[in-house]
>>> print(open('upload.cif').read())   # mmCIF, C-alpha atoms
data_upload
#
loop_
_atom_site.label_atom_id
_atom_site.label_comp_id
_atom_site.auth_asym_id
_atom_site.auth_seq_id
_atom_site.Cartn_x
_atom_site.Cartn_y
_atom_site.Cartn_z
CA ASN A 1 49.97 2.60 79.69
CA ALA A 2 52.47 0.29 78.07
CA GLY A 3 56.00 1.49 77.51
CA VAL A 4 58.13 0.84 74.48
CA MET A 5 57.89 -2.80 73.45
CA GLN A 6 60.58 -4.72 71.64
CA ASN A 7 60.58 -8.27 70.40
CA PRO A 8 62.12 -10.64 70.41
CA ARG A 9 64.12 -10.00 73.57
CA HIS A 10 66.76 -12.46 72.45
CA LEU A 11 67.58 -13.55 68.92
CA VAL A 12 70.15 -16.09 67.79
CA ARG A 13 71.15 -16.22 64.16
CA ARG A 14 73.84 -18.02 62.16
CA ARG A 15 76.13 -16.05 59.90
CA GLY A 16 74.42 -15.18 56.64
CA GLN A 17 70.88 -15.30 58.01
CA GLU A 18 68.54 -12.35 58.37
CA ALA A 19 67.57 -10.70 61.65
CA ARG A 20 64.33 -8.76 62.13
CA LEU A 21 63.90 -6.67 65.23
CA ARG A 22 60.57 -5.10 66.09
CA CYS A 23 59.71 -2.02 68.10
CA SER A 24 56.32 -0.71 69.14
CA PRO A 25 56.57 2.84 70.48
CA MET A 26 54.72 4.19 73.45
CA LYS A 27 51.10 5.05 72.79
CA GLY A 28 50.85 8.41 71.10
CA HIS A 29 54.52 8.52 70.15
CA SER A 30 55.24 8.85 66.46
CA HIS A 31 59.02 9.20 66.60
CA VAL A 32 61.23 6.13 66.80
CA TYR A 33 64.99 5.84 67.23
CA TRP A 34 67.22 2.79 67.03
CA TYR A 35 70.48 2.51 68.95
CA ARG A 36 73.08 -0.25 69.13
CA GLN A 37 75.16 -1.10 72.16
CA LEU A 38 78.27 -3.20 71.73
CA PRO A 39 79.72 -4.92 74.81
CA GLU A 40 81.36 -2.49 77.26
CA GLU A 41 80.33 0.51 75.15
CA GLY A 42 77.66 3.18 75.20
CA LEU A 43 74.66 3.39 72.94
CA LYS A 44 75.33 4.46 69.36
CA PHE A 45 72.61 6.12 67.32
CA MET A 46 71.59 4.28 64.18
CA VAL A 47 68.43 5.75 62.69
CA TYR A 48 65.51 8.06 63.42
CA LEU A 49 62.12 7.46 61.83
CA GLN A 50 58.68 8.93 61.81
CA LYS A 51 55.70 7.14 60.36
CA GLU A 52 56.57 6.12 56.80
CA ASN A 53 59.67 8.33 56.77
CA ILE A 54 63.34 7.92 57.54
CA ILE A 55 64.48 11.24 58.94
CA ASP A 56 68.10 10.55 59.85
CA GLU A 57 70.00 7.37 59.07
CA SER A 58 73.48 8.76 59.59
CA GLY A 59 74.34 6.01 62.07
CA MET A 60 73.27 3.09 59.92
CA PRO A 61 75.91 0.94 58.24
CA LYS A 62 75.69 1.46 54.49
CA GLU A 63 75.08 -2.17 53.69
CA ARG A 64 72.89 -4.94 55.06
CA PHE A 65 70.98 -2.70 57.50
CA SER A 66 67.60 -1.15 56.84
CA ALA A 67 64.77 0.26 58.93
CA GLU A 68 61.16 1.11 58.39
CA PHE A 69 58.24 2.48 60.37
CA PRO A 70 55.08 1.77 58.41
CA LYS A 71 51.80 3.58 58.81
CA GLU A 72 50.43 0.57 60.64
CA GLY A 73 52.43 -1.73 62.85
CA PRO A 74 55.78 -1.66 64.58
CA SER A 75 59.07 -0.25 63.42
CA ILE A 76 61.37 -2.91 62.00
CA LEU A 77 65.16 -2.97 62.00
CA ARG A 78 66.35 -5.50 59.47
CA ILE A 79 69.86 -6.90 59.22
CA GLN A 80 70.59 -9.03 56.20
CA GLN A 81 73.39 -11.60 56.00
CA VAL A 82 74.38 -11.14 59.61
CA VAL A 83 78.02 -11.40 60.67
CA ARG A 84 79.49 -12.01 64.11
CA GLY A 85 80.23 -8.31 64.52
CA ASP A 86 76.49 -7.61 64.46
CA SER A 87 76.15 -9.29 67.85
CA ALA A 88 74.98 -6.53 70.17
CA ALA A 89 72.02 -5.18 72.09
CA TYR A 90 69.68 -3.16 69.90
CA PHE A 91 67.52 -0.62 71.66
CA CYS A 92 64.55 1.24 70.35
CA ALA A 93 63.37 4.52 71.84
CA SER A 94 60.34 6.64 71.16
CA SER A 95 59.37 10.23 71.79
CA LEU A 96 56.30 12.36 71.45
CA HIS A 97 58.08 14.91 69.33
CA ARG A 98 61.34 14.93 67.44
CA GLY A 99 64.67 14.74 69.21
CA GLY A 100 66.52 17.65 70.66
CA GLN A 101 64.90 18.66 73.92
CA GLU A 102 62.44 15.83 73.99
CA THR A 103 63.08 12.88 76.24
CA GLN A 104 63.35 9.52 74.55
CA TYR A 105 61.94 6.47 76.30
CA PHE A 106 63.66 3.17 75.72
CA GLY A 107 62.46 -0.36 75.26
CA PRO A 108 64.09 -3.36 76.94
CA GLY A 109 66.24 -4.13 73.93
CA THR A 110 66.82 -7.11 71.67
CA ARG A 111 70.01 -9.03 72.26
CA LEU A 112 71.26 -10.42 68.98
CA LEU A 113 73.79 -13.21 69.00
CA VAL A 114 75.33 -14.28 65.72
CA LEU A 115 76.94 -17.70 65.79
CA ASP B 1 84.59 10.52 67.42
CA GLN B 2 83.35 10.39 71.00
CA GLN B 3 81.46 13.61 71.61
CA VAL B 4 80.28 12.59 75.07
CA LYS B 5 82.73 11.01 77.46
CA GLN B 6 82.42 9.32 80.80
CA ASN B 7 85.97 8.73 81.89
CA SER B 8 85.23 6.67 84.98
CA PRO B 9 84.04 3.19 84.01
CA SER B 10 83.15 2.37 87.61
CA LEU B 11 82.49 3.98 90.99
CA SER B 12 82.03 2.40 94.39
CA VAL B 13 80.30 4.30 97.21
CA GLN B 14 79.10 3.45 100.70
CA GLU B 15 75.38 3.51 101.35
CA GLY B 16 74.26 6.89 102.66
CA ARG B 17 77.16 8.77 101.10
CA ILE B 18 77.09 10.96 98.00
CA SER B 19 77.69 9.49 94.55
CA ILE B 20 79.10 11.85 91.94
CA LEU B 21 79.13 10.75 88.33
CA ASN B 22 80.88 12.88 85.76
CA CYS B 23 80.44 13.51 82.07
CA ASP B 24 82.31 15.70 79.57
CA TYR B 25 81.28 16.75 76.10
CA THR B 26 83.04 18.38 73.18
CA ASN B 27 80.27 19.75 70.98
CA SER B 28 79.30 23.29 71.95
CA MET B 29 76.06 22.90 70.01
CA PHE B 30 74.67 20.53 72.63
CA ASP B 31 71.93 22.22 74.60
CA TYR B 32 70.08 19.40 76.31
CA PHE B 33 71.55 16.78 78.58
CA LEU B 34 70.09 13.70 80.20
CA TRP B 35 71.06 10.96 82.57
CA TYR B 36 69.82 7.44 82.12
CA LYS B 37 70.09 4.52 84.49
CA LYS B 38 70.42 1.00 83.19
CA TYR B 39 70.10 -2.34 84.91
CA PRO B 40 71.46 -5.50 83.26
CA ALA B 41 69.20 -6.96 80.56
CA GLU B 42 66.95 -3.89 80.60
CA GLY B 43 66.69 -0.75 78.54
CA PRO B 44 67.94 2.62 79.83
CA THR B 45 65.51 4.40 82.11
CA PHE B 46 65.29 8.18 82.03
CA LEU B 47 66.45 9.74 85.29
CA ILE B 48 66.85 13.49 84.99
CA SER B 49 67.59 16.13 82.38
CA ILE B 50 68.86 19.68 82.15
CA SER B 51 68.63 22.36 79.52
CA SER B 52 71.61 24.55 78.76
CA ILE B 53 69.77 27.61 80.05
CA LYS B 54 70.11 26.18 83.56
CA ASP B 55 73.10 25.16 85.60
CA LYS B 56 71.29 22.93 88.07
CA ASN B 57 68.25 20.69 88.15
CA GLU B 58 67.10 18.75 91.17
CA ASP B 59 64.67 15.87 91.55
CA GLY B 60 64.56 14.23 94.94
CA ARG B 61 67.88 12.56 95.66
CA PHE B 62 69.19 13.36 92.17
CA THR B 63 70.77 16.63 91.11
CA VAL B 64 72.41 17.38 87.79
CA PHE B 65 74.90 20.22 87.48
CA LEU B 66 75.94 21.76 84.18
CA ASN B 67 79.10 23.80 83.64
CA LYS B 68 78.88 25.05 80.07
CA SER B 69 82.22 26.81 80.03
CA ALA B 70 83.95 23.58 81.04
CA LYS B 71 81.60 21.43 78.91
CA HIS B 72 81.04 19.28 81.93
CA LEU B 73 78.06 17.89 83.74
CA SER B 74 77.71 15.78 86.81
CA LEU B 75 75.03 13.75 88.53
CA HIS B 76 74.88 13.78 92.32
CA ILE B 77 72.96 11.13 94.19
CA VAL B 78 72.52 11.74 97.88
CA PRO B 79 72.05 9.74 99.94
CA SER B 80 73.12 6.76 97.83
CA GLN B 81 71.15 3.55 98.25
CA PRO B 82 72.00 -0.04 97.25
CA GLY B 83 69.16 0.07 94.72
CA ASP B 84 71.03 2.83 92.90
CA SER B 85 73.63 0.28 91.81
CA ALA B 86 73.43 0.29 88.01
CA VAL B 87 75.17 1.68 84.96
CA TYR B 88 74.59 5.39 84.44
CA PHE B 89 74.77 6.95 80.99
CA CYS B 90 74.86 10.63 80.19
CA ALA B 91 73.49 11.77 76.86
CA ALA B 92 73.44 15.03 74.96
CA SER B 93 71.63 16.51 72.02
CA ALA B 94 71.08 19.80 70.25
CA ASP B 95 67.78 21.31 69.23
CA ASN B 96 68.48 20.70 65.59
CA PHE B 97 69.72 17.16 66.11
CA ASN B 98 67.55 14.13 65.80
CA LYS B 99 69.53 11.92 68.12
CA PHE B 100 71.27 11.65 71.43
CA TYR B 101 74.97 11.08 71.82
CA PHE B 102 75.72 8.75 74.70
CA GLY B 103 78.73 8.33 76.91
CA SER B 104 80.13 4.87 77.54
CA GLY B 105 78.60 4.64 81.00
CA THR B 106 79.74 4.49 84.62
CA LYS B 107 78.94 1.45 86.69
CA LEU B 108 77.91 2.54 90.18
CA ASN B 109 78.12 0.11 93.06
CA VAL B 110 76.56 1.24 96.33
CA LYS B 111 77.73 -0.95 99.18
CA PRO B 112 75.42 -1.60 102.13
#
>>> encode(input="upload.cif", output="structure tokens")
Amino acid sequence: NAGVMQNPRHLVRRRGQEARLRCSPMKGHSHVYWYRQLPEEGLKFMVYLQKENIIDESGMPKERFSAEFPKEGPSILRIQQVVRGDSAAYFCASSLHRGGQETQYFGPGTRLLVL
Amino acid sequence: DQQVKQNSPSLSVQEGRISILNCDYTNSMFDYFLWYKKYPAEGPTFLISISSIKDKNEDGRFTVFLNKSAKHLSLHIVPSQPGDSAVYFCAASADNFNKFYFGSGTKLNVKP
């Protein structure tokens, strides 16, 4: 009964490169959420997806960031042309149903470092 | 726009005593509240939740209290154990929201 899986756990990129973060939700969960945690801060919502649909992307920066959750395979958070300010821990969570009064279960996170 | 606030960045408690972690929120639409525990280099782990129709929820050593009129919730851990040392986040959502709003966390240190 695997939990939420994220890979890679650590990712180092140079400025201008692309970062791809993967998230496999818990078995049976079809709702995926991405959060970002900057140093010394709480988690900030980025995007909520269901299979093949973006439901709420109100927390996503307008440029360079995109997310998908295809019918098959993991959810991907993609950051193009990374900058130093993108360095953070990115957490994925999944739930059985949509948000609200449904508990979200978190993965271990991907720590992105932009040099 | 910080809708969920944890004003104490850290708390130190002696083993066996009670730990009380506090959280305030501003959005009256929030109707579901959770506490997560986080160890370094790991993801947050769900601890306990409470719906706005209740004012208290208990699970073993952990109790969450909700005061809707004050827009305040607290997590009580009793007795505190060294293994409880971690960062605790409170989070809130509303039934028609698709996301949780997190506080900035309180780092709890339980001294043996």
>>> closest_atom_pairs(input="upload.cif", of="chain B", to="chain A", cutoff="8 Å", atoms="all atoms listed in the file", output="tab-separated table")
residue	atom	partner	partner_atom	distance
B:Asp31	CA	A:Gln101	CA	7.9
B:Tyr32	CA	A:Gln101	CA	5.8
B:Ala41	CA	A:Pro108	CA	7.2
B:Glu42	CA	A:Pro108	CA	4.7
B:Gly43	CA	A:Pro108	CA	4.0
B:Pro44	CA	A:Phe106	CA	6.0
B:Thr45	CA	A:Phe106	CA	6.8
B:Phe46	CA	A:Tyr105	CA	6.9
B:Ser51	CA	A:Gln101	CA	7.7
B:Phe89	CA	A:Gly42	CA	7.5
B:Ser93	CA	A:Gly100	CA	5.4
B:Ala94	CA	A:Gly100	CA	5.1
B:Asp95	CA	A:Gly100	CA	4.1
B:Asn96	CA	A:Gly100	CA	6.2
B:Phe97	CA	A:Gly100	CA	5.6
B:Asn98	CA	A:Gly99	CA	4.5
B:Lys99	CA	A:Gly99	CA	5.7
B:Phe100	CA	A:Phe45	CA	7.0
B:Tyr101	CA	A:Lys44	CA	7.1
B:Phe102	CA	A:Leu43	CA	5.7
B:Gly103	CA	A:Gly42	CA	5.5
B:Ser104	CA	A:Gly42	CA	3.8
B:Gly105	CA	A:Gly42	CA	6.1
>>> atom_distance(input="upload.cif", atom1="atom CA of Ser52 of chain B", atom2="atom CA of Leu96 of chain A")
20.9 Å
>>> resolve_selection(input="upload.cif", expression="the PyMOL selection byres ((chain B and resi 76) around 6)", output="list in words")
Ser19, Ile20, Phe62, Thr63, Leu75 and Ile77 of chain B
>>> atom_distance(input="upload.cif", atom1="atom CA of Asp84 of chain B", atom2="atom CA of Pro40 of chain B")
12.7 Å
>>> residues_around(input="upload.cif", residues="Pro9 of chain B", least_positions_apart="2", cutoff="8 Å", atoms="all atoms listed in the file", output="number ranges by chain")
B: 6-7, 11, 104-107
>>> resolve_selection(input="upload.cif", expression="the PyMOL selection byres ((chain A and resi 78) around 10)", output="PyMOL selection string")
chain A and resi 18-22+64-68+75-77+79-82
>>> closest_residue(input="upload.cif", among="A:Pro39, A:Gly28, A:Gly85, A:Pro74", to="Ala2 of chain A", atoms="only C-alpha atoms")
A:Gly28
>>> atom_distance(input="upload.cif", atom1="atom CA of Leu113 of chain A", atom2="atom CA of Arg14 of chain A")
8.4 Å
>>> closest_residue(input="upload.cif", among="A:Leu115, A:Pro61, A:Arg13, A:His97", to="His29 of chain A", atoms="only C-alpha atoms")
A:His97
>>> closest_residue(input="upload.cif", among="A:Asn53, A:Ser87, A:Gln17, A:Ser95", to="Gly3 of chain A", atoms="only C-alpha atoms")
A:Ser95
>>> residues_around(input="upload.cif", residues="Val64 of chain B", least_positions_apart="4", cutoff="7 Å", atoms="all atoms listed in the file", output="ChimeraX atom specification")
/B:56-58,73-76
>>> resolve_selection(input="upload.cif", expression="the PyMOL selection byres ((chain B and resi 85) around 10)", output="ChimeraX atom specification")
/B:11-13,37-39,80-84,86-88,107-111
>>> residues_around(input="upload.cif", residues="Lys68 of chain B", least_positions_apart="4", cutoff="10 Å", atoms="only C-alpha atoms", output="ChimeraX atom specification")
/B:24-25,28,30-31,52-55,72-73
>>> closest_residue(input="upload.cif", among="B:Ile18, B:Ile48, B:Met29, B:Gly60", to="Val78 of chain B", atoms="only C-alpha atoms")
B:Ile18
